[in-house]
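This is work_19.txt. It holds compact mmCIF, C-alpha atoms and all ligand atoms.
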```txt
# COMPACT_ATOMS: atom_id res chain seq x y z
CA ASP M 1 -14.49 -36.51 28.67
CA TRP M 2 -12.49 -33.26 28.59
CA ARG M 3 -11.92 -33.53 24.86
CA MET M 4 -15.64 -33.29 24.09
CA ALA M 5 -18.04 -30.44 23.33
CA GLY M 6 -18.70 -27.61 25.78
CA HIS M 7 -15.18 -26.24 25.55
CA ARG M 8 -13.84 -24.03 22.82
CA GLY M 9 -11.07 -25.19 20.53
CA ALA M 10 -7.66 -23.52 20.41
CA LEU M 11 -6.35 -21.26 17.65
CA ILE M 12 -2.88 -22.48 16.75
CA VAL M 13 -0.78 -20.73 14.09
CA LEU M 14 2.35 -21.99 12.36
CA GLU M 15 4.75 -19.38 10.99
CA GLY M 16 8.27 -19.51 9.64
CA ALA M 17 10.43 -19.09 6.56
CA ASP M 18 9.88 -20.71 3.20
CA ARG M 19 10.46 -24.53 3.46
CA ALA M 20 10.63 -24.45 7.26
CA GLY M 21 7.97 -27.19 7.22
CA LYS M 22 4.77 -25.26 8.04
CA SER M 23 2.45 -27.05 5.62
CA THR M 24 3.90 -30.49 6.41
CA GLN M 25 3.62 -29.94 10.15
CA ALA M 26 0.14 -28.40 9.96
CA ARG M 27 -1.15 -31.53 8.22
CA ARG M 28 0.58 -33.87 10.65
CA LEU M 29 -0.64 -31.95 13.68
CA VAL M 30 -4.28 -32.08 12.60
CA GLU M 31 -3.94 -35.81 11.97
CA ALA M 32 -2.26 -36.47 15.33
CA LEU M 33 -4.77 -34.39 17.29
CA ARG M 34 -7.64 -36.25 15.64
CA ASN M 35 -6.04 -39.57 16.49
CA GLN M 36 -5.90 -38.42 20.12
CA GLY M 37 -9.64 -37.74 20.06
CA TYR M 38 -9.57 -33.97 19.65
CA GLN M 39 -11.65 -32.18 17.05
CA ALA M 40 -9.14 -30.43 14.80
CA GLU M 41 -9.11 -28.84 11.35
CA GLY M 42 -6.53 -27.19 9.16
CA MET M 43 -6.75 -23.74 7.64
CA ARG M 44 -4.25 -21.71 5.60
CA PHE M 45 -3.63 -18.16 4.56
CA PRO M 46 -3.76 -16.99 1.95
CA GLU M 47 -6.88 -19.09 1.31
CA ARG M 48 -6.80 -18.80 -2.46
CA THR M 49 -10.26 -20.24 -3.21
CA THR M 50 -12.40 -17.18 -2.37
CA GLU M 51 -12.84 -14.19 -4.71
CA ILE M 52 -10.33 -12.18 -2.70
CA GLY M 53 -8.09 -15.24 -2.46
CA ARG M 54 -8.06 -15.58 -6.24
CA LEU M 55 -6.82 -11.99 -6.59
CA VAL M 56 -4.06 -12.66 -4.09
CA GLY M 57 -3.21 -15.99 -5.73
CA SER M 58 -2.84 -14.45 -9.15
CA TYR M 59 -0.64 -11.72 -7.62
CA LEU M 60 1.62 -14.35 -6.00
CA GLU M 61 1.82 -16.26 -9.27
CA LYS M 62 2.83 -12.97 -10.94
CA LYS M 63 -0.15 -13.21 -13.28
CA SER M 64 -1.21 -9.79 -12.07
CA ASN M 65 0.33 -6.75 -10.43
CA ILE M 66 -1.41 -5.09 -7.52
CA GLU M 67 -0.21 -1.95 -5.77
CA ASP M 68 1.66 -2.84 -2.54
CA HIS M 69 -0.70 -1.25 0.02
CA THR M 70 -3.69 -2.64 -1.83
CA VAL M 71 -2.46 -6.22 -1.88
CA HIS M 72 -1.56 -5.96 1.81
CA LEU M 73 -5.18 -5.04 2.53
CA LEU M 74 -6.40 -7.90 0.34
CA PHE M 75 -4.31 -10.43 2.30
CA SER M 76 -5.84 -9.01 5.48
CA ALA M 77 -9.35 -9.04 3.99
CA ASN M 78 -8.79 -12.70 3.14
CA ARG M 79 -8.33 -13.34 6.87
CA TRP M 80 -11.28 -11.14 7.91
CA GLU M 81 -13.63 -12.91 5.51
CA HIS M 82 -12.85 -16.12 7.42
CA VAL M 83 -13.41 -14.68 10.91
CA PRO M 84 -17.06 -15.77 11.22
CA LEU M 85 -16.01 -19.32 10.28
CA ILE M 86 -13.02 -19.24 12.65
CA LYS M 87 -15.20 -18.10 15.55
CA GLU M 88 -17.86 -20.68 14.79
CA LYS M 89 -15.34 -23.54 14.65
CA LEU M 90 -13.57 -22.54 17.85
CA LYS M 91 -16.88 -22.14 19.64
CA SER M 92 -17.98 -25.60 18.57
CA GLY M 93 -14.84 -27.07 20.12
CA ILE M 94 -12.74 -27.46 17.00
CA THR M 95 -9.05 -26.65 17.32
CA LEU M 96 -7.79 -24.80 14.24
CA VAL M 97 -4.28 -25.32 12.96
CA VAL M 98 -3.48 -22.38 10.72
CA ASP M 99 -0.67 -22.35 8.15
CA ARG M 100 0.39 -18.63 8.14
CA TYR M 101 -1.65 -15.75 9.58
CA ALA M 102 -1.29 -12.00 10.17
CA PHE M 103 2.39 -12.41 11.08
CA SER M 104 3.18 -13.46 7.52
CA GLY M 105 1.17 -10.49 6.33
CA VAL M 106 3.23 -8.05 8.38
CA ALA M 107 6.59 -9.75 7.87
CA PHE M 108 6.24 -9.80 4.08
CA THR M 109 4.79 -6.35 3.38
CA SER M 110 7.05 -4.61 5.91
CA SER M 111 10.02 -6.09 4.04
CA LYS M 112 9.15 -3.84 1.11
CA GLU M 113 10.58 -0.31 0.90
CA ASN M 114 8.81 2.33 2.97
CA PHE M 115 6.47 0.08 4.95
CA SER M 116 6.58 0.30 8.73
CA LEU M 117 5.75 -2.59 11.01
CA HIS M 118 3.18 -0.30 12.65
CA TRP M 119 1.29 0.45 9.44
CA CYS M 120 1.34 -3.17 8.36
CA LYS M 121 -0.23 -4.41 11.61
CA GLN M 122 -3.25 -2.10 11.58
CA PRO M 123 -5.60 -3.95 9.19
CA ASP M 124 -5.25 -7.14 11.26
CA VAL M 125 -5.84 -5.47 14.65
CA GLY M 126 -8.77 -7.25 16.31
CA LEU M 127 -8.56 -10.56 14.45
CA PRO M 128 -9.03 -13.64 16.64
CA LYS M 129 -5.81 -13.85 18.64
CA PRO M 130 -3.91 -17.12 18.36
CA ASP M 131 -3.55 -19.02 21.62
CA LEU M 132 -0.20 -20.27 20.35
CA VAL M 133 2.09 -19.14 17.55
CA VAL M 134 4.73 -21.71 16.67
CA PHE M 135 7.71 -20.25 14.86
CA LEU M 136 9.51 -22.92 12.85
CA ASN M 137 13.06 -21.67 13.02
CA ILE M 138 15.50 -22.59 10.28
CA THR M 139 18.62 -21.03 8.79
CA PRO M 140 18.63 -20.22 5.06
CA GLU M 141 21.41 -22.83 4.67
CA GLU M 142 19.31 -25.63 6.18
CA ALA M 143 16.22 -24.54 4.23
CA SER M 144 18.18 -24.55 0.96
CA LYS M 145 18.87 -28.28 1.44
CA ARG M 146 15.13 -28.81 1.02
CA GLY M 147 15.13 -27.65 -2.60
CA ASP M 148 15.20 -24.47 -4.60
CA TYR M 149 12.93 -21.50 -4.26
CA GLY M 150 9.80 -21.66 -6.33
CA THR M 151 8.88 -19.11 -8.97
CA GLU M 152 6.25 -17.19 -7.02
CA ARG M 153 6.60 -13.61 -5.91
CA TYR M 154 8.83 -13.13 -2.80
CA GLU M 155 10.69 -16.39 -3.41
CA THR M 156 14.18 -14.89 -3.51
CA SER M 157 16.90 -15.18 -0.93
CA ASP M 158 17.29 -11.39 -0.51
CA PHE M 159 13.64 -10.86 0.27
CA GLN M 160 13.45 -13.91 2.56
CA LYS M 161 16.33 -12.54 4.65
CA LYS M 162 14.39 -9.34 5.24
CA VAL M 163 11.29 -11.34 6.13
CA GLN M 164 13.29 -13.31 8.72
CA LYS M 165 14.32 -10.04 10.42
CA ARG M 166 10.75 -8.82 10.55
CA TYR M 167 9.60 -12.08 12.13
CA ALA M 168 12.26 -11.55 14.82
CA GLU M 169 10.81 -8.10 15.56
CA LEU M 170 7.28 -9.52 15.76
CA MET M 171 8.47 -12.18 18.19
CA ASP M 172 9.59 -9.46 20.63
CA ASP M 173 5.88 -8.92 21.35
CA LYS M 174 5.38 -10.70 24.66
CA SER M 175 1.59 -10.25 24.60
CA LEU M 176 1.58 -13.19 22.19
CA ASN M 177 2.38 -16.78 23.02
CA TRP M 178 5.30 -17.34 20.63
CA LYS M 179 7.11 -20.67 20.83
CA VAL M 180 10.21 -21.21 18.75
CA VAL M 181 10.78 -24.75 17.50
CA ASP M 182 14.02 -25.85 15.84
CA ALA M 183 12.77 -26.71 12.36
CA ALA M 184 16.07 -28.27 11.28
CA GLN M 185 15.29 -31.37 13.34
CA SER M 186 13.76 -34.46 11.77
CA MET M 187 10.09 -34.18 10.77
CA GLU M 188 9.25 -36.52 13.61
CA ASP M 189 11.06 -34.45 16.26
CA VAL M 190 9.55 -31.20 15.02
CA HIS M 191 6.13 -32.86 15.03
CA ASN M 192 6.50 -34.13 18.59
CA ALA M 193 7.57 -30.70 19.84
CA ILE M 194 4.59 -28.99 18.19
CA LYS M 195 2.17 -31.67 19.36
CA GLN M 196 3.24 -31.27 22.96
CA LEU M 197 2.88 -27.47 22.83
CA SER M 198 -0.51 -27.83 21.15
CA GLU M 199 -1.99 -30.29 23.63
CA ALA M 200 -0.94 -28.05 26.49
CA ILE M 201 -2.53 -24.98 24.93
CA ILE M 202 -5.77 -26.80 24.08
CA THR M 203 -6.16 -27.57 27.78
CA GLU M 204 -5.26 -24.03 28.80
CA ALA M 205 -7.40 -22.19 26.24
CA ARG M 206 -10.61 -24.15 26.67
CA HIS M 207 -11.98 -22.00 29.51
CA GLN M 208 -10.68 -18.66 28.21
CA PRO M 209 -12.40 -16.34 25.75
CA VAL M 210 -10.76 -15.87 22.36
CA GLY M 211 -8.59 -12.75 22.50
CA LYS M 212 -8.17 -9.91 20.03
CA LEU M 213 -4.91 -9.65 18.12
CA TRP M 214 -2.82 -6.48 18.69
CA ALA M 215 -5.80 -4.74 20.32
P1 LIG E 301 6.67 -24.66 4.18
O1 LIG E 301 5.20 -24.91 4.13
O2 LIG E 301 7.13 -24.06 5.46
O3 LIG E 301 7.18 -23.88 3.00
P2 LIG E 301 6.86 -27.51 3.61
O4 LIG E 301 6.11 -28.19 4.69
O5 LIG E 301 6.20 -27.36 2.29
O6 LIG E 301 7.40 -26.08 4.12
O7 LIG E 301 8.24 -28.29 3.44
C1 LIG E 301 9.19 -27.90 2.43
C2 LIG E 301 9.98 -29.14 1.97
O8 LIG E 301 10.82 -29.60 3.02
C3 LIG E 301 9.10 -30.32 1.60
O9 LIG E 301 9.69 -31.00 0.52
C4 LIG E 301 9.11 -31.18 2.84
O10 LIG E 301 8.90 -32.52 2.56
C5 LIG E 301 10.50 -30.93 3.39
N1 LIG E 301 10.59 -30.97 4.86
C6 LIG E 301 9.67 -30.49 5.75
N2 LIG E 301 10.08 -30.68 7.02
C7 LIG E 301 11.29 -31.29 6.95
C8 LIG E 301 12.24 -31.75 7.94
N3 LIG E 301 12.04 -31.62 9.25
N4 LIG E 301 13.39 -32.30 7.49
C9 LIG E 301 13.61 -32.43 6.16
N5 LIG E 301 12.78 -32.03 5.19
C10 LIG E 301 11.62 -31.47 5.56
P1 LIG E 302 2.63 -20.13 0.91
O1 LIG E 302 2.30 -20.99 -0.25
O2 LIG E 302 3.92 -20.51 1.60
O3 LIG E 302 1.53 -19.97 1.90
O4 LIG E 302 2.97 -18.72 0.26
N1 LIG E 302 1.93 -13.78 2.32
C1 LIG E 302 1.11 -14.57 3.05
C2 LIG E 302 1.82 -12.40 2.35
O5 LIG E 302 2.56 -11.70 1.68
N2 LIG E 302 0.88 -11.84 3.15
C3 LIG E 302 0.04 -12.58 3.92
O6 LIG E 302 -0.81 -12.02 4.64
C4 LIG E 302 0.16 -14.02 3.88
C5 LIG E 302 -0.75 -14.87 4.70
C6 LIG E 302 3.86 -15.34 2.12
C7 LIG E 302 2.16 -17.63 0.34
C8 LIG E 302 2.99 -16.38 0.16
O7 LIG E 302 2.20 -15.23 0.50
C9 LIG E 302 2.90 -14.41 1.44
C10 LIG E 302 4.21 -16.36 1.06
MG MG E 303 3.73 -24.17 2.83
```
Spit out the file's structure as structure tokens when you get a sec.
Ligand code: ADP
Ligand code: 2DT
Ligand code: MG
Amino acid sequence: DWRMAGHRGALIVLEGADRAGKSTQARRLVEALRNQGYQAEGMRFPERTTEIGRLVGSYLEKKSNIEDHTVHLLFSANRWEHVPLIKEKLKSGITLVVDRYAFSGVAFTSSKENFSLHWCKQPDVGLPKPDLVVFLNITPEEASKRGDYGTERYETSDFQKKVQKRYAELMDDKSLNWKVVDAAQSMEDVHNAIKQLSEAIITEARHQPVGKLWA
């Protein structure tokens, strides 16, 4: 059967603004793919459980301050430390559904004063390239109906507006397979849209080598 071993899994990334539904949809997608007989697993960045992840987590919780360039490199290092695992999983046929990736890294840091998009991308150059990047698109008004901002760093409306603009710039890059999904739809409709895109890319990616991001 085409879903079985011998083919690599796909690398699928979900990006989008705060409360767009990334974490909800990542969970549902893994569950749906498994029910269809695919091997699928979730992953998230930052992954706060490693040593580097704990530094980043404490920074986000404002329990520590880390210089801006330094924390950018730590977020990137948190991805690089997972690359052997990512490669292994894909190779063994597991499709990875990733909640945030390098695009969050670039969108957030480049929203700070005096950070160029170019500089922000460099540490992540060469990471496994996603076969599909789903952008969950939502207006700040729609997102605000889903509750207030939390208390972590970056969770302010001013900063989130800047982040949104940076995402738009990143989506101009046609060397990546960006797909914009209207995240203001019902959970079910968003899920069905993402599931359809994902099944198509799993079939397409299985005979192709994993690419290198921004390389
Ligand atoms: P993110 O990970 O992008 O910040 P979450 O998946 O945590 O977003 O969702 C944020 C909140 O919005 C949660 O309370 C979730 O239940 C709710 N939510 C997610 N998707 C939808 C949707 N399509 N319609 C309405 N509410 C949603
Ligand atoms: P979540 O709980 O929504 O994942 O919030 N971030 C994330 C960065 O600044 N750089 C990165 O490289 C990544 C992956 C986005 C995590 C917060 O961390 C920000 C929101
Ligand atoms: Mg989330």
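Residues in contact with ligand MG 303 (chain E) (atom pairs separated by at most 9 Å; all atoms listed in the file) are M:Asp18, M:Arg19, M:Ala20, M:Gly21, M:Lys22, M:Ser23, M:Thr24, M:Arg44, M:Asp99, M:Arg100.
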With C-alpha atoms retained, could you export that selection as a PDB file, in the frame of the given file?
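Written out: again_35.pdb:
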```
ATOM      1  CA  ASP M  18       9.880 -20.710   3.200  1.00  0.00           C
ATOM      2  CA  ARG M  19      10.460 -24.530   3.460  1.00  0.00           C
ATOM      3  CA  ALA M  20      10.630 -24.450   7.260  1.00  0.00           C
ATOM      4  CA  GLY M  21       7.970 -27.190   7.220  1.00  0.00           C
ATOM      5  CA  LYS M  22       4.770 -25.260   8.040  1.00  0.00           C
ATOM      6  CA  SER M  23       2.450 -27.050   5.620  1.00  0.00           C
ATOM      7  CA  THR M  24       3.900 -30.490   6.410  1.00  0.00           C
ATOM      8  CA  ARG M  44      -4.250 -21.710   5.600  1.00  0.00           C
ATOM      9  CA  ASP M  99      -0.670 -22.350   8.150  1.00  0.00           C
ATOM     10  CA  ARG M 100       0.390 -18.630   8.140  1.00  0.00           C
TER      11      ARG M 100
END
```
Atom pair CA of Pro128 (chain M) / CA of Lys212 (chain M): separation (Å)
5.1 Å
Tell me, as a PyMOL selection string, which residues lie within 12 Å of Asn192 (chain M), counting all atoms listed in the file; anything in the same chain fewer than 2 positions away does not count.
chain M and resi 25+28-29+32-33+181-183+185-190+194-199
Have a look at CA of Phe103 (chain M) and CA of His207 (chain M) and let me know their distance in Å, one decimal.
25.3 Å
Contacts of Glu169 (chain M) at 12 Å (only C-alpha atoms; same-chain gap of 4+ positions) as a ChimeraX atom specification:
/M:103,106-107,110-111,116-118,162-165,173-174,178
Which residues come within 10 Å of Val83 (chain M), counting all atoms listed in the file, excluding same-chain residues fewer than 5 positions away, as a PyMOL selection string?
chain M and resi 77-78+88-89+127-128
Generate the missing atoms of region 5-25 of chain M up to N, CA and C atoms and report them as a short mmCIF file (atom, residue, chain, number, x, y, z; two decimals), in the frame of the given file.
```cif
data_model
loop_
_atom_site.label_atom_id
_atom_site.label_comp_id
_atom_site.auth_asym_id
_atom_site.auth_seq_id
_atom_site.Cartn_x
_atom_site.Cartn_y
_atom_site.Cartn_z
N ALA M 5 -17.40 -31.75 23.50
CA ALA M 5 -18.04 -30.44 23.33
C ALA M 5 -18.26 -29.72 24.66
N GLY M 6 -18.51 -28.41 24.57
CA GLY M 6 -18.70 -27.61 25.78
C GLY M 6 -17.51 -26.71 26.01
N HIS M 7 -16.38 -27.07 25.44
CA HIS M 7 -15.18 -26.24 25.55
C HIS M 7 -14.83 -25.73 24.17
N ARG M 8 -14.26 -24.52 24.14
CA ARG M 8 -13.84 -24.03 22.82
C ARG M 8 -12.54 -24.70 22.38
N GLY M 9 -12.33 -24.70 21.08
CA GLY M 9 -11.07 -25.19 20.53
C GLY M 9 -10.01 -24.11 20.63
N ALA M 10 -8.78 -24.47 20.37
CA ALA M 10 -7.66 -23.52 20.41
C ALA M 10 -7.32 -23.05 19.00
N LEU M 11 -6.81 -21.81 18.93
CA LEU M 11 -6.35 -21.26 17.65
C LEU M 11 -4.82 -21.33 17.64
N ILE M 12 -4.33 -22.22 16.80
CA ILE M 12 -2.88 -22.48 16.75
C ILE M 12 -2.36 -22.07 15.37
N VAL M 13 -1.33 -21.24 15.35
CA VAL M 13 -0.78 -20.73 14.09
C VAL M 13 0.65 -21.24 13.91
N LEU M 14 0.97 -21.64 12.70
CA LEU M 14 2.35 -21.99 12.36
C LEU M 14 2.92 -20.92 11.44
N GLU M 15 4.06 -20.38 11.82
CA GLU M 15 4.75 -19.38 10.99
C GLU M 15 6.19 -19.84 10.78
N GLY M 16 6.87 -19.17 9.89
CA GLY M 16 8.27 -19.51 9.64
C GLY M 16 8.62 -19.30 8.18
N ALA M 17 9.92 -19.37 7.90
CA ALA M 17 10.43 -19.09 6.56
C ALA M 17 9.95 -20.14 5.56
N ASP M 18 10.15 -19.82 4.31
CA ASP M 18 9.88 -20.71 3.20
C ASP M 18 10.61 -22.04 3.44
N ARG M 19 9.94 -23.16 3.30
CA ARG M 19 10.46 -24.53 3.46
C ARG M 19 10.83 -24.90 4.89
N ALA M 20 10.38 -24.11 5.85
CA ALA M 20 10.63 -24.45 7.26
C ALA M 20 9.85 -25.71 7.66
N GLY M 21 8.77 -25.99 6.92
CA GLY M 21 7.97 -27.19 7.22
C GLY M 21 6.57 -26.89 7.72
N LYS M 22 6.09 -25.66 7.53
CA LYS M 22 4.77 -25.26 8.04
C LYS M 22 3.65 -26.15 7.52
N SER M 23 3.59 -26.32 6.21
CA SER M 23 2.45 -27.05 5.62
C SER M 23 2.51 -28.53 6.01
N THR M 24 3.71 -29.10 5.98
CA THR M 24 3.90 -30.49 6.41
C THR M 24 3.45 -30.68 7.86
N GLN M 25 3.91 -29.79 8.72
CA GLN M 25 3.62 -29.94 10.15
C GLN M 25 2.15 -29.63 10.47
#
```
